[in-house]
Structures are given as C-alpha cells and as structure tokens.
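Working notes, beginning with the structure itself.
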Amino acid sequence: MHRKVVIIGSGPAGHTAAIYLARGEVHPTMYEGMLANGIAAGGQLTTTTEVENFPGFPEAIGGTELTERFRQQSERFGTEIITETVSKLDLNARPFKFWLEGAEDQEPETADTIILATGASAKRLHVKGEEQYWQAGISACAVCDGAVPIFRNKPLAVVGGGDSAAEEALFLTKYGSKVYVLVRRDKLRASPIMAKRLTNHPKVEIVWNTSVVEAQGDGRLLNNIVIKNNQTGATSDLAVNGLFYAIGHIPATKIVEGQVELDADGYVHTIDGTPRTSIRGFFAAGDVQDRVFRQAITSAGSGCQAALLAMRYLEELEAEQEGN
Ligand code: FAD
Ligand code: NDP
C-alpha cells in the first residue's frame with residue numbers, strides 16, 4: 001500500500017507532526033509501535049508520573065494521560081494510527097519502502113515522505129549480575145516497577161545524576177526505607193529545581209564519585225551491590241533490594257543505520273537546527289535527533305517543524321512530477 005506521509009513513532013514528536021499533517025489534509029499514517037524498544041506506544045512519557053513543565057497544564061498532568069490526549073488529538077483530525085512497529089526501511093528507493101515487524105518477507109509498504117520520531121530508550125550498565133537480577137531487583141523504570149512489594153520499606157539505589165535519576169529517586173522515597181543516589185562524579189547533571197528537591201529529601205543519600213561494579217543476590221532476588229569509589233578505587237558493599245538505572249538513553253535509530261547520517265552516539269544528524277536529514281524527504285523529530293534538550297515540548301516543537309517541512313516537500317514533489 002502506498003501512503004503520502006508516514007510517521008514512525010508515537011511520542012510528543014510523532015503526535016505533534018500528526019496533528020499538523022492531519023489538519024493540513026495530507027492524511028498521515030502513524031505507526032505507533034507495539035512495545036517498540038520496550039516502551040509502550042505513547043513513548044517515554046508513559047513511564048513517568050507527573051509532567052509539570054508542559055504548557056497548558058498548570059496543575060501538572062500524568063505522563064500517560066498526556067500521551068492519551070496527544071493520541072486523541074491526532075485521531076480527531078483524521079490521522080490513521082496503526083499499532084505496529086516498523087522494522088526495516090529502504091531510504092534509497094523512491095518512494096521510500098518500509099516493512100513491519102513480522103512481515104519482513106512480504107511486499108513492502110511505500111511512502112513519499114517519512115518522519116522518524118522513534119525516540120530513545122534507557123541505557124544499561126552491563127555489570128556483572130545484571131542479567132541475572134534484571135527485573136528481579138534491577139529496573140530501568142522506577143515509575144513502572146517501584147511500587148512492587150519487593151521494594152516496600154527496603155533500601156534502594158538509583159544510578160545517575162540527571163533529571164531522570166532525581167525524579168526516580170524522589171518517586172522511590174514513597175516506597176523504599178532509604179534511597180541512595182549513586183553519582184559517578186562530584187556533580188549532578190539534574191536541573192537546579194530537581195537537584196534541590198533531591199538533596200533536601202530526608203530519605204535520600206547521594207553517594208558521590210561512585211560506580212556500580214556488581215549486582216548480587218540470593219539467586220532469586222537482588223540484595224546487595226558492590227560499589228566502587230572512582231577517586232580511591234576502593235570497593236564496598238551496599239545492601240539494597242532495588243537498583244534503578246537512570247543513566248540516559250540510546251536513540252532508536254537502528255532501522256536507519258547505514259542509510260542516513262548519524263552522529264557518533266547514533267542520533268540522526270539534522271541540518272541547520274531543522275528536522276531535515278541527509279536524505280531529501282526523510283525527516284527526524286524528537287529525541288531521536290536531540291542529544292541536548294530531550295524534553296516533551298522540544299520534541300513536540302520539532303514534530304511541528306517536521307510536519308511543515310514534509311508538507312512543503314510533498315508540494316515540491318507534486319510540482320516536479322507535473323513538470324515531467
Ligand atoms: P518518545 O517519547 O521516545 O516516543 C517514541 C515512541 O515511538 C516509542 O516509545 C515507541 O512507542 C515508538 N517507536 C519507536 N520505534 C518505533 C518503530 N520502529 N516503529 C513504530 N513505533 C516506534 N520531558 C518533559 O518535558 N517533562 C517531563 O517531566 C519529562 N519526564 C520524563 C520522565 C522520564 C522517566 C523520562 C524517561 C523522560 C522524561 N521526559 C520529560 C523526556 C520526554 O519524555 C522525552 O523528551 C519525549 O518523550 C521524547 O519524545 P519523542 O516523541 O521523541 O519520542
Ligand atoms: P541525562 O543524560 O541528563 O543524565 C544521565 C546521568 O547518568 C548523568 O548524571 C550521567 O553522568 C549519568 N551516567 C551516564 N552513564 C553512566 C554510567 N555508565 N554510569 C553511571 N552514571 C552514568 O539523562 P536523563 O535521563 O536524566 O534526562 C534526559 C532528558 O530528559 C534531559 O533533558 C532531562 O532534562 C529530561 N528529563 C526531564 C525531567 C523533568 O523535567 N522533570 C525528568 C526526567 C528527564 P554524567 O553527568 O557524569 O555524564
């Protein structure tokens with residue numbers, strides 16, 4: 001099946017693009033993903049509680065509720081939303097070709113223009129014991145997993161010093177007896193307001209210059225981690241029943257590797273601060289191309305830009321075809 005414009009991904013970038021394209025009457029199709037990169041359709045905001053910095057919600061709004069509202073707005077103007085993951089693309093072909101997960105051996109779908117808005121996913125440490133205790137004490141999402149009984153009134157640890165680490169640690173204070181925040185250097189990366197909340201919380205202890213070396217347990221559940229002081233090299237035990245990773249994200253660009261220009265960390269390289277990429281007619285919006293800001297509102301903003309550029313590209317394409 002051929003489509004004029006396809007959006008891959010369903011976070012704030014993808015939905016903002018969809019709203020603009022649908023209102024522009026170019027009938028966009030969104031592939032929202034089926035647990036693509038382990039994240040529910042709707043994207044990273046589905047893994048958080050309150051969103052306090054998205055304009056229009058002075059009392060804050062739950063992350064999942066906000067993504068549901070994005071989806072309703074996209075649908076209201078006629079976006080076709082398909083709950084499938086795009087697993088393969090051919091960006092050399094014109095129109096572009098793409099395949100859905102599980103249907104890679106079938107005839108490809110085609111599109112005149114594509115907006116990649118696949119976002120990013122959580123990084124892991126890959127320390128000894130991680131595989132054994134993954135989801136048995138170790139998690140990359142406190143909001144998703146923090147409330148389970150194994151963490152109730154138990155000492156917990158969060159790795160990382162950014163806004164995610166601050167948010168996850170504060171969330172975990174509702175359940176754990178104590179929350180250690182393990183920061184690899186002597187400084188937080190978190191925004192001042194989040195850093196202040198973290199440092200002021202009575203249940204939180206920040207452990208500076210510290211890395212996790214090993215996860216240990218009773219064979220079934222995590223109950224200890226070995227940590228290392230990065231200045232002295234000394235290792236010690238820290239008895240915790242939960243270890244939560246909040247060490248940043250990996251852009252979801254595997255499906256375009258080798259086809260479009262990426263930067264050293266795998267983010268799509270965009271041109272002149274716009275969602276334009278090294279391939280004409282192929283745009284990238286949101287966290288998949290943003291290593292600096294990575295916010296819902298900046299993702300939404302670039303989704304808007306991508307939609308406007310995609311519409312302009314469709315007009316150019318039409319004019320070129322008429323001229324032929
Ligand atoms: P994402 O939100 O990453 O969504 C992309 C989605 O597309 C994926 O999750 C998946 O469902 C889908 N997808 C991926 N690959 C495919 C594929 N191949 N085919 C089909 N579908 C696919 N920002 C704020 O502004 N305020 C906050 O309070 C805030 N809190 C946060 C809390 C946490 C815990 C985290 C992790 C992030 C938070 N952020 C916050 C950052 C914000 O969530 C992101 O910047 C934003 O969601 C990025 O939007 P996006 O559209 O680029 O993609
Ligand atoms: P960041 O990249 O901002 O922070 C990652 C943190 O993890 C840094 O402190 C980093 O240390 C540390 N780190 C990275 N790798 C390792 C490792 N291997 N071992 C130990 N520590 C490591 O990511 P976040 O996920 O925190 O935030 C992403 C974006 O989402 C940001 O723009 C943030 O502002 C936004 N966000 C906003 C929220 C809000 O506004 N409420 C909530 C959550 C996220 P170092 O500093 O040394 O590099």
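Just remember, in the structure tokens the first chain shown is A, the second B, etc., residues are 1-based per chain, and ligands are 1-based in the order shown.
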Item to check | Near-Gln135 (chain A) list (12 Å; only C-alpha atoms; drop same-chain fewer than 6 positions) as a list in words | outcome: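 Result of the neighbour search: Gly129, Cys141, Ala142, Cys144, Asp145, Gly146, Val148, Ile150, Phe151, Arg220, Leu221, Leu222, Asn241, Gly242, Leu243, Phe244 and Tyr245 of chain A.
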Let me see if you get this right: every residue at most 6 Å from ligand 1, counting only C-alpha atoms and all ligand atoms, written as an mmCIF file with C-alpha atoms, in the first residue's frame.
```
data_model
loop_
_atom_site.group_PDB
_atom_site.id
_atom_site.type_symbol
_atom_site.label_atom_id
_atom_site.label_comp_id
_atom_site.auth_asym_id
_atom_site.auth_seq_id
_atom_site.Cartn_x
_atom_site.Cartn_y
_atom_site.Cartn_z
ATOM 1 C CA ILE A 8 7.170 6.266 12.653
ATOM 2 C CA GLY A 9 6.847 6.663 16.430
ATOM 3 C CA SER A 10 4.215 7.908 18.825
ATOM 4 C CA GLY A 11 5.715 10.263 21.400
ATOM 5 C CA PRO A 12 5.109 14.028 21.513
ATOM 6 C CA ALA A 13 7.139 14.499 18.302
ATOM 7 C CA GLY A 14 5.161 11.961 16.288
ATOM 8 C CA TYR A 31 2.922 3.541 13.103
ATOM 9 C CA GLU A 32 2.780 3.884 16.863
ATOM 10 C CA GLY A 33 4.816 0.765 17.664
ATOM 11 C CA LEU A 35 6.293 -2.131 22.604
ATOM 12 C CA ALA A 36 8.948 -0.846 20.212
ATOM 13 C CA ILE A 39 8.400 1.241 25.512
ATOM 14 C CA ALA A 40 4.617 1.408 25.214
ATOM 15 C CA ALA A 41 3.006 3.330 22.385
ATOM 16 C CA GLY A 42 2.968 6.945 23.506
ATOM 17 C CA GLY A 43 6.669 6.922 24.258
ATOM 18 C CA GLN A 44 8.801 7.807 27.230
ATOM 19 C CA LEU A 45 6.137 9.910 28.944
ATOM 20 C CA THR A 47 6.952 5.802 32.068
ATOM 21 C CA THR A 48 6.600 8.896 34.208
ATOM 22 C CA VAL A 51 4.570 16.206 33.928
ATOM 23 C CA GLU A 52 4.854 19.687 35.375
ATOM 24 C CA ASN A 53 6.544 21.552 32.554
ATOM 25 C CA THR A 85 6.411 -1.495 14.685
ATOM 26 C CA VAL A 86 8.358 -0.564 11.561
ATOM 27 C CA SER A 87 11.350 -2.912 11.447
ATOM 28 C CA ALA A 117 10.041 10.030 15.596
ATOM 29 C CA THR A 118 11.131 6.807 17.269
ATOM 30 C CA GLY A 119 12.592 8.480 20.360
ATOM 31 C CA ALA A 120 15.090 6.857 22.642
ATOM 32 C CA SER A 164 15.607 11.119 35.485
ATOM 33 C CA GLY A 286 12.164 14.472 18.815
ATOM 34 C CA ASP A 287 14.694 12.612 20.955
ATOM 35 C CA VAL A 288 15.882 10.512 18.037
ATOM 36 C CA ARG A 294 15.261 15.848 25.165
ATOM 37 C CA GLN A 295 12.024 17.305 26.510
ATOM 38 C CA ALA A 296 8.406 16.686 25.603
ATOM 39 C CA ILE A 297 7.950 20.273 24.476
ATOM 40 C CA SER A 299 10.106 17.055 20.793
#
```
Using only C-alpha atoms and all ligand atoms, what are the residues with an atom within 10 Å of ligand 2, set out as JSON, numbers by chain? {"A": [44, 45, 48, 49, 50, 51, 52, 53, 54, 120, 121, 122, 123, 124, 125, 126, 127, 158, 159, 160, 161, 162, 163, 164, 165, 166, 167, 168, 182, 183, 184, 185, 186, 187, 188, 189, 190, 191, 193, 194, 209, 210, 211, 212, 213, 245, 246, 247, 248, 249, 250, 287, 290, 291, 292, 293, 294, 295, 296, 298]}
DSSP strand (DSSP E) selection over region 100-323 of chain A, as a CSV table (one decimal) with N, CA and C atoms, in the first residue's frame:
```
chain,number,residue,atom,x,y,z
A,100,LEU,N,7.0,-4.0,8.1
A,100,LEU,CA,6.5,-4.1,9.5
A,100,LEU,C,7.1,-5.3,10.2
A,109,GLU,N,5.6,-1.7,2.2
A,109,GLU,CA,4.7,-0.6,2.1
A,109,GLU,C,5.5,0.6,1.5
A,110,THR,N,4.9,1.6,1.0
A,110,THR,CA,5.7,2.7,0.4
A,110,THR,C,5.1,4.0,0.9
A,111,ALA,N,6.0,5.0,0.9
A,111,ALA,CA,5.6,6.4,1.3
A,111,ALA,C,6.4,7.4,0.6
A,112,ASP,N,5.8,8.6,0.2
A,112,ASP,CA,6.5,9.7,-0.4
A,112,ASP,C,7.5,10.4,0.5
A,113,THR,N,7.0,10.5,1.8
A,113,THR,CA,7.8,11.2,2.8
A,113,THR,C,7.6,10.5,4.1
A,114,ILE,N,8.7,10.4,4.9
A,114,ILE,CA,8.7,9.8,6.2
A,114,ILE,C,9.2,10.7,7.3
A,115,ILE,N,8.5,10.7,8.4
A,115,ILE,CA,9.1,11.4,9.6
A,115,ILE,C,9.4,10.3,10.6
A,116,LEU,N,10.7,10.3,11.0
A,116,LEU,CA,11.2,9.4,12.0
A,116,LEU,C,11.1,10.0,13.4
A,120,ALA,N,13.9,7.4,22.0
A,120,ALA,CA,15.1,6.9,22.6
A,120,ALA,C,14.7,5.9,23.7
A,121,SER,N,15.7,5.1,24.2
A,121,SER,CA,15.3,4.1,25.3
A,121,SER,C,16.5,4.1,26.3
A,122,ALA,N,16.2,3.6,27.5
A,122,ALA,CA,17.1,3.6,28.6
A,122,ALA,C,18.4,2.8,28.4
A,138,ILE,N,16.6,-5.3,39.6
A,138,ILE,CA,17.1,-4.2,38.8
A,138,ILE,C,16.1,-3.8,37.8
A,139,SER,N,16.0,-2.5,37.6
A,139,SER,CA,15.0,-2.0,36.7
A,139,SER,C,15.5,-0.7,36.0
A,155,PRO,N,15.9,-0.7,51.5
A,155,PRO,CA,16.8,0.3,50.9
A,155,PRO,C,17.0,0.1,49.4
A,156,LEU,N,17.0,1.2,48.7
A,156,LEU,CA,17.0,1.1,47.2
A,156,LEU,C,18.1,2.0,46.7
A,157,ALA,N,18.6,1.8,45.5
A,157,ALA,CA,19.6,2.7,44.9
A,157,ALA,C,19.2,3.1,43.5
A,158,VAL,N,19.5,4.3,43.1
A,158,VAL,CA,19.3,4.8,41.8
A,158,VAL,C,20.7,5.2,41.3
A,159,VAL,N,21.0,4.8,40.0
A,159,VAL,CA,22.3,5.2,39.4
A,159,VAL,C,22.1,6.3,38.4
A,178,LYS,N,15.0,3.9,52.3
A,178,LYS,CA,16.0,4.8,52.1
A,178,LYS,C,16.4,4.7,50.6
A,179,VAL,N,16.8,5.8,50.0
A,179,VAL,CA,17.2,5.8,48.6
A,179,VAL,C,18.6,6.4,48.4
A,180,TYR,N,19.5,5.6,48.0
A,180,TYR,CA,20.8,6.1,47.7
A,180,TYR,C,20.9,6.5,46.2
A,181,VAL,N,21.5,7.6,46.0
A,181,VAL,CA,21.7,8.0,44.6
A,181,VAL,C,23.1,8.0,44.3
A,182,LEU,N,23.5,7.1,43.4
A,182,LEU,CA,24.9,6.8,43.1
A,182,LEU,C,25.3,7.7,41.9
A,204,VAL,N,16.8,10.6,51.1
A,204,VAL,CA,17.8,10.4,50.0
A,204,VAL,C,19.2,10.6,50.5
A,205,GLU,N,20.1,9.7,50.1
A,205,GLU,CA,21.5,10.0,50.4
A,205,GLU,C,22.3,9.9,49.1
A,206,ILE,N,22.9,11.0,48.8
A,206,ILE,CA,23.7,11.0,47.5
A,206,ILE,C,25.1,10.4,47.8
A,207,VAL,N,25.5,9.5,47.0
A,207,VAL,CA,26.8,8.9,47.2
A,207,VAL,C,27.7,9.3,46.0
A,210,THR,N,30.8,7.6,42.6
A,210,THR,CA,30.6,6.1,42.8
A,210,THR,C,30.0,5.4,41.6
A,211,SER,N,30.6,4.3,41.3
A,211,SER,CA,30.0,3.4,40.2
A,211,SER,C,29.6,2.1,40.8
A,212,VAL,N,28.7,1.4,40.1
A,212,VAL,CA,28.3,0.1,40.4
A,212,VAL,C,29.2,-0.9,39.7
A,213,VAL,N,29.7,-1.9,40.5
A,213,VAL,CA,30.6,-2.9,39.9
A,213,VAL,C,29.9,-4.2,39.7
A,214,GLU,N,29.0,-4.6,40.6
A,214,GLU,CA,28.4,-5.9,40.5
A,214,GLU,C,27.1,-5.9,41.2
A,215,ALA,N,26.1,-6.7,40.7
A,215,ALA,CA,24.8,-6.9,41.4
A,215,ALA,C,24.8,-8.3,42.0
A,216,GLN,N,24.5,-8.4,43.2
A,216,GLN,CA,24.5,-9.7,43.9
A,216,GLN,C,23.1,-10.0,44.5
A,217,GLY,N,22.9,-11.3,44.8
A,217,GLY,CA,21.6,-11.6,45.4
A,217,GLY,C,21.6,-13.0,45.9
A,222,LEU,N,17.8,-9.6,44.0
A,222,LEU,CA,18.9,-8.7,44.3
A,222,LEU,C,18.8,-8.4,45.8
A,223,ASN,N,20.0,-8.4,46.5
A,223,ASN,CA,20.0,-7.9,47.9
A,223,ASN,C,21.3,-7.1,48.2
A,224,ASN,N,22.2,-7.0,47.2
A,224,ASN,CA,23.4,-6.3,47.5
A,224,ASN,C,24.0,-5.8,46.2
A,225,ILE,N,24.7,-4.6,46.3
A,225,ILE,CA,25.5,-4.3,45.1
A,225,ILE,C,27.0,-3.9,45.6
A,226,VAL,N,27.9,-4.2,44.7
A,226,VAL,CA,29.3,-3.8,45.0
A,226,VAL,C,29.5,-2.5,44.3
A,227,ILE,N,30.0,-1.5,45.1
A,227,ILE,CA,30.2,-0.2,44.5
A,227,ILE,C,31.7,0.2,44.6
A,228,LYS,N,32.1,1.1,43.7
A,228,LYS,CA,33.5,1.5,43.7
A,228,LYS,C,33.6,3.0,43.8
A,229,ASN,N,34.5,3.5,44.7
A,229,ASN,CA,34.8,4.9,44.7
A,229,ASN,C,35.7,5.2,43.6
A,235,THR,N,36.5,-0.6,46.8
A,235,THR,CA,35.2,-1.2,46.6
A,235,THR,C,34.5,-1.5,48.0
A,236,SER,N,33.2,-1.5,48.0
A,236,SER,CA,32.5,-1.8,49.2
A,236,SER,C,31.1,-2.4,48.9
A,237,ASP,N,30.5,-3.0,49.9
A,237,ASP,CA,29.1,-3.5,49.7
A,237,ASP,C,28.1,-2.5,50.0
A,238,LEU,N,27.0,-2.5,49.3
A,238,LEU,CA,25.8,-1.6,49.7
A,238,LEU,C,24.6,-2.5,49.7
A,242,GLY,N,16.8,-2.9,45.6
A,242,GLY,CA,16.4,-2.4,44.3
A,242,GLY,C,17.5,-1.6,43.7
A,243,LEU,N,17.7,-1.7,42.4
A,243,LEU,CA,18.8,-0.9,41.7
A,243,LEU,C,18.1,-0.4,40.5
A,244,PHE,N,18.0,0.9,40.4
A,244,PHE,CA,17.3,1.6,39.3
A,244,PHE,C,18.2,2.4,38.4
A,245,TYR,N,18.2,2.1,37.1
A,245,TYR,CA,19.1,2.8,36.2
A,245,TYR,C,18.4,4.0,35.7
A,249,HIS,N,19.9,7.7,27.7
A,249,HIS,CA,19.1,6.9,26.7
A,249,HIS,C,19.9,6.7,25.4
A,250,ILE,N,19.4,5.7,24.7
A,250,ILE,CA,20.0,5.4,23.3
A,250,ILE,C,19.0,5.7,22.3
A,251,PRO,N,19.3,6.6,21.3
A,251,PRO,CA,18.4,6.9,20.3
A,251,PRO,C,18.0,5.7,19.5
A,282,PHE,N,13.1,12.8,4.0
A,282,PHE,CA,13.1,12.0,5.2
A,282,PHE,C,13.5,12.9,6.3
A,283,PHE,N,12.6,13.0,7.3
A,283,PHE,CA,12.8,13.9,8.4
A,283,PHE,C,12.9,13.2,9.7
A,284,ALA,N,13.6,13.8,10.7
A,284,ALA,CA,13.7,13.2,12.0
A,284,ALA,C,13.3,14.3,13.1
```
For this session: Just give me the gap between CA of Glu315 (chain A) and CA of Gln72 (chain A) in Å, one decimal is fine.
Result: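 If I compute the distance from CA of Glu315 (chain A) to CA of Gln72 (chain A), I get 27.4 Å.
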Compile the contact shell of region 256-271 of chain A as a list in words: residues with an atom at most 6 Å away, counting only C-alpha atoms, same-chain residues fewer than 6 positions apart removed.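 My list of contacting residues is Thr277, Ser278, Val288 and Gln289 of chain A.
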Using DSSP assignments from the backbone, pull out every residue in region 197-269 of chain A that falls under helix (DSSP H, G or I) and give it to me as number ranges by chain. A: 197-200, 254-256
Discussion item. For Trp99 (chain A), find every residue with an atom within 9 Å (counting only C-alpha atoms), except residues of its own chain fewer than 2 positions away, and show them as a list in words.
Written reply: Thr85, Val86, Ser87, Lys88, Leu89, Asp90, Lys97, Glu101, Gly102, Ala103, Glu104, Asp105, Gln106, Glu107, Pro108, Glu109 and Thr110 of chain A
I need the chosen residues saved as a compact mmCIF listing (two decimals), in the first residue's frame, with C-alpha atoms.
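Resulting contents of result12.txt:
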```
# COMPACT_ATOMS: atom_id res chain seq x y z
CA THR A 85 6.41 -1.50 14.68
CA VAL A 86 8.36 -0.56 11.56
CA SER A 87 11.35 -2.91 11.45
CA LYS A 88 13.05 -2.11 8.14
CA LEU A 89 13.36 0.82 5.77
CA ASP A 90 14.80 1.39 2.31
CA LYS A 97 9.96 1.42 1.19
CA GLU A 101 7.80 -6.35 12.26
CA GLY A 102 6.93 -9.94 11.41
CA ALA A 103 6.23 -9.12 7.76
CA GLU A 104 9.76 -8.51 6.53
CA ASP A 105 9.44 -11.19 3.84
CA GLN A 106 6.31 -9.62 2.36
CA GLU A 107 5.85 -6.83 -0.18
CA PRO A 108 6.93 -3.51 1.37
CA GLU A 109 4.66 -0.57 2.08
CA THR A 110 5.70 2.70 0.41
```
Notebook entry, point to check: So what do you get for CA of Gln305 (chain A) versus CA of Gly323 (chain A), distance-wise?
Noted result: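 Separating CA of Gln305 (chain A) from CA of Gly323 (chain A) is a distance of 27.0 Å.
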inquiry  = Which residue is closest to Asn92 (chain A)? Choose from A:Pro55, A:Gly137, A:Gly281, A:Gly24 and count only C-alpha atoms.
reply    =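 Closest to Asn92 (chain A), using only C-alpha atoms: A:Gly281.
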Of A:Gly176, A:Pro275, A:Gly78, A:Gly233, the one sitting nearest Leu21 (chain A) when using only C-alpha atoms is A:Gly78
Hey, what's within 12 Å of Arg69 (chain A) if we count only C-alpha atoms and toss same-chain stuff fewer than 4 positions away? As a count of residues only, please?
18
